[in-house]
Amino acid sequence: MSQRIRIKLKSYDFNLVDKSAEKIVKTVKSTGAVISGPIPLPTDKKIFTVNRSTFVNKKAREQFEMSAYKRLIDIYSSSAKTIDALMKLELPSGVEVEIKV
């Protein structure tokens, strides 16, 4: 096969992303493929400002922040064994995985 596989991981919890990336790297290295990564991508931060009170105190506000953490993994010189190992891999439910061949 010998084609490049790119895996993008995204989650709101950085621990889940790091553990998932570590699992993927470990399984891919055990099959003998060459791997590059995990490369940390920029964190997306969304900040929401909300009034504390509904009616009286207009100046009293609260701010909430939501961060999305991302990692990128490239796999080179993969074989059928590598792809089978990736398909059987179970990752936590809070991680979004995008695979491009």
# chains A, B, ... in the order shown; residues from 1 in each chain; ligands from 1
call {"tool": "residues_around", "arguments": {"residues": "range 19-33 of chain A", "least_positions_apart": "4", "cutoff": "7 Å", "atoms": "only C-alpha atoms", "output": "PyMOL selection string"}}
result
chain A and resi 15+38+75-78+81-82+85+91
call {"tool": "write_last_selection", "arguments": {"atoms": "N, CA, C and O atoms", "output": "mmCIF file, in the first residue's frame"}}
result
data_model
loop_
_atom_site.group_PDB
_atom_site.id
_atom_site.type_symbol
_atom_site.label_atom_id
_atom_site.label_comp_id
_atom_site.auth_asym_id
_atom_site.auth_seq_id
_atom_site.Cartn_x
_atom_site.Cartn_y
_atom_site.Cartn_z
ATOM 1 N N ASN A 15 -6.574 15.902 28.147
ATOM 2 C CA ASN A 15 -6.112 14.582 28.597
ATOM 3 C C ASN A 15 -6.581 13.479 27.656
ATOM 4 O O ASN A 15 -5.825 12.556 27.343
ATOM 5 N N PRO A 38 2.565 12.883 17.565
ATOM 6 C CA PRO A 38 1.445 13.803 17.408
ATOM 7 C C PRO A 38 1.888 15.275 17.437
ATOM 8 O O PRO A 38 2.669 15.668 18.282
ATOM 9 N N ILE A 75 0.912 8.996 9.185
ATOM 10 C CA ILE A 75 1.453 7.633 9.140
ATOM 11 C C ILE A 75 1.947 7.391 7.716
ATOM 12 O O ILE A 75 1.196 7.542 6.756
ATOM 13 N N TYR A 76 3.223 7.015 7.610
ATOM 14 C CA TYR A 76 3.837 6.736 6.310
ATOM 15 C C TYR A 76 4.148 5.245 6.212
ATOM 16 O O TYR A 76 4.308 4.573 7.213
ATOM 17 N N SER A 77 4.286 4.768 5.018
ATOM 18 C CA SER A 77 4.615 3.370 4.705
ATOM 19 C C SER A 77 3.749 2.397 5.508
ATOM 20 O O SER A 77 4.234 1.514 6.187
ATOM 21 N N SER A 78 2.441 2.606 5.417
ATOM 22 C CA SER A 78 1.507 1.745 6.136
ATOM 23 C C SER A 78 1.227 0.482 5.336
ATOM 24 O O SER A 78 1.389 0.438 4.120
ATOM 25 N N LYS A 81 -1.789 -4.510 7.703
ATOM 26 C CA LYS A 81 -1.738 -4.811 9.135
ATOM 27 C C LYS A 81 -1.936 -3.535 9.968
ATOM 28 O O LYS A 81 -2.628 -3.555 10.992
ATOM 29 N N THR A 82 -1.371 -2.439 9.497
ATOM 30 C CA THR A 82 -1.516 -1.157 10.196
ATOM 31 C C THR A 82 -2.971 -0.686 10.171
ATOM 32 O O THR A 82 -3.508 -0.251 11.193
ATOM 33 N N ALA A 85 -5.103 -2.743 12.505
ATOM 34 C CA ALA A 85 -4.865 -2.378 13.901
ATOM 35 C C ALA A 85 -5.575 -1.073 14.249
ATOM 36 O O ALA A 85 -6.112 -0.919 15.356
ATOM 37 N N LEU A 91 -11.151 4.073 21.099
ATOM 38 C CA LEU A 91 -10.778 5.357 21.690
ATOM 39 C C LEU A 91 -11.903 5.857 22.584
ATOM 40 O O LEU A 91 -13.059 5.439 22.439
#
call {"tool": "select_by_dssp", "arguments": {"residues": "chain A", "states": "strand (DSSP E)", "output": "MDAnalysis selection string"}}
result
chainID A and resid 5:11 34:51 61:76 96:100
call {"tool": "atom_distance", "arguments": {"atom1": "CA of Val97 in chain A", "atom2": "CA of Ile7 in chain A"}}
result
6.9 Å
call {"tool": "select_by_dssp", "arguments": {"residues": "chain A", "states": "helix (DSSP H, G or I)", "output": "ChimeraX atom specification"}}
result
/A:14-31,80-88
call {"tool": "residues_around", "arguments": {"residues": "Lys10 in chain A", "least_positions_apart": "6", "cutoff": "12 Å", "atoms": "only C-alpha atoms", "output": "VMD selection string"}}
result
chain A and resid 16 to 21 40 to 44 67 to 73 91 to 99
call {"tool": "residues_around", "arguments": {"residues": "Val50 in chain A", "least_positions_apart": "6", "cutoff": "9 Å", "atoms": "only C-alpha atoms", "output": "list in words"}}
result
Ala60, Arg61, Glu62, Gln63 and Phe64 of chain A
call {"tool": "write_last_selection", "arguments": {"atoms": "all heavy atoms", "output": "mmCIF file, in the first residue's frame"}}
result
data_model
loop_
_atom_site.group_PDB
_atom_site.id
_atom_site.type_symbol
_atom_site.label_atom_id
_atom_site.label_comp_id
_atom_site.auth_asym_id
_atom_site.auth_seq_id
_atom_site.Cartn_x
_atom_site.Cartn_y
_atom_site.Cartn_z
ATOM 1 N N ALA A 60 -23.145 43.634 35.610
ATOM 2 C CA ALA A 60 -22.632 42.382 36.178
ATOM 3 C C ALA A 60 -22.706 41.287 35.120
ATOM 4 O O ALA A 60 -23.779 40.908 34.669
ATOM 5 C CB ALA A 60 -23.443 41.991 37.411
ATOM 6 N N ARG A 61 -21.541 40.808 34.694
ATOM 7 C CA ARG A 61 -21.493 39.794 33.636
ATOM 8 C C ARG A 61 -20.554 38.666 34.030
ATOM 9 O O ARG A 61 -19.640 38.857 34.821
ATOM 10 C CB ARG A 61 -21.030 40.419 32.326
ATOM 11 C CG ARG A 61 -21.974 41.474 31.805
ATOM 12 C CD ARG A 61 -21.439 42.170 30.586
ATOM 13 N NE ARG A 61 -22.309 43.256 30.192
ATOM 14 C CZ ARG A 61 -23.184 43.175 29.212
ATOM 15 N NH1 ARG A 61 -23.311 42.076 28.528
ATOM 16 N NH2 ARG A 61 -23.937 44.206 28.907
ATOM 17 N N GLU A 62 -20.804 37.514 33.447
ATOM 18 C CA GLU A 62 -19.939 36.352 33.651
ATOM 19 C C GLU A 62 -19.386 35.918 32.309
ATOM 20 O O GLU A 62 -20.073 36.008 31.293
ATOM 21 C CB GLU A 62 -20.740 35.183 34.234
ATOM 22 C CG GLU A 62 -20.678 35.071 35.719
ATOM 23 C CD GLU A 62 -21.413 33.845 36.206
ATOM 24 O OE1 GLU A 62 -22.572 33.671 35.838
ATOM 25 O OE2 GLU A 62 -20.804 33.080 36.954
ATOM 26 N N GLN A 63 -18.141 35.417 32.319
ATOM 27 C CA GLN A 63 -17.544 34.925 31.086
ATOM 28 C C GLN A 63 -17.214 33.447 31.229
ATOM 29 O O GLN A 63 -16.671 33.016 32.246
ATOM 30 C CB GLN A 63 -16.279 35.706 30.742
ATOM 31 C CG GLN A 63 -16.578 37.101 30.258
ATOM 32 C CD GLN A 63 -15.355 37.781 29.695
ATOM 33 O OE1 GLN A 63 -14.243 37.508 30.109
ATOM 34 N NE2 GLN A 63 -15.579 38.674 28.745
ATOM 35 N N PHE A 64 -17.543 32.693 30.185
ATOM 36 C CA PHE A 64 -17.243 31.271 30.123
ATOM 37 C C PHE A 64 -16.366 31.021 28.913
ATOM 38 O O PHE A 64 -16.522 31.670 27.879
ATOM 39 C CB PHE A 64 -18.528 30.442 30.024
ATOM 40 C CG PHE A 64 -19.434 30.620 31.202
ATOM 41 C CD1 PHE A 64 -20.512 31.486 31.138
ATOM 42 C CD2 PHE A 64 -19.208 29.937 32.375
ATOM 43 C CE1 PHE A 64 -21.352 31.662 32.217
ATOM 44 C CE2 PHE A 64 -20.045 30.093 33.465
ATOM 45 C CZ PHE A 64 -21.116 30.962 33.385
#
call {"tool": "closest_residue", "arguments": {"among": "A:Phe14, A:Val34, A:Arg52, A:Ile5", "to": "Leu86 in chain A", "atoms": "only C-alpha atoms"}}
result
A:Ile5
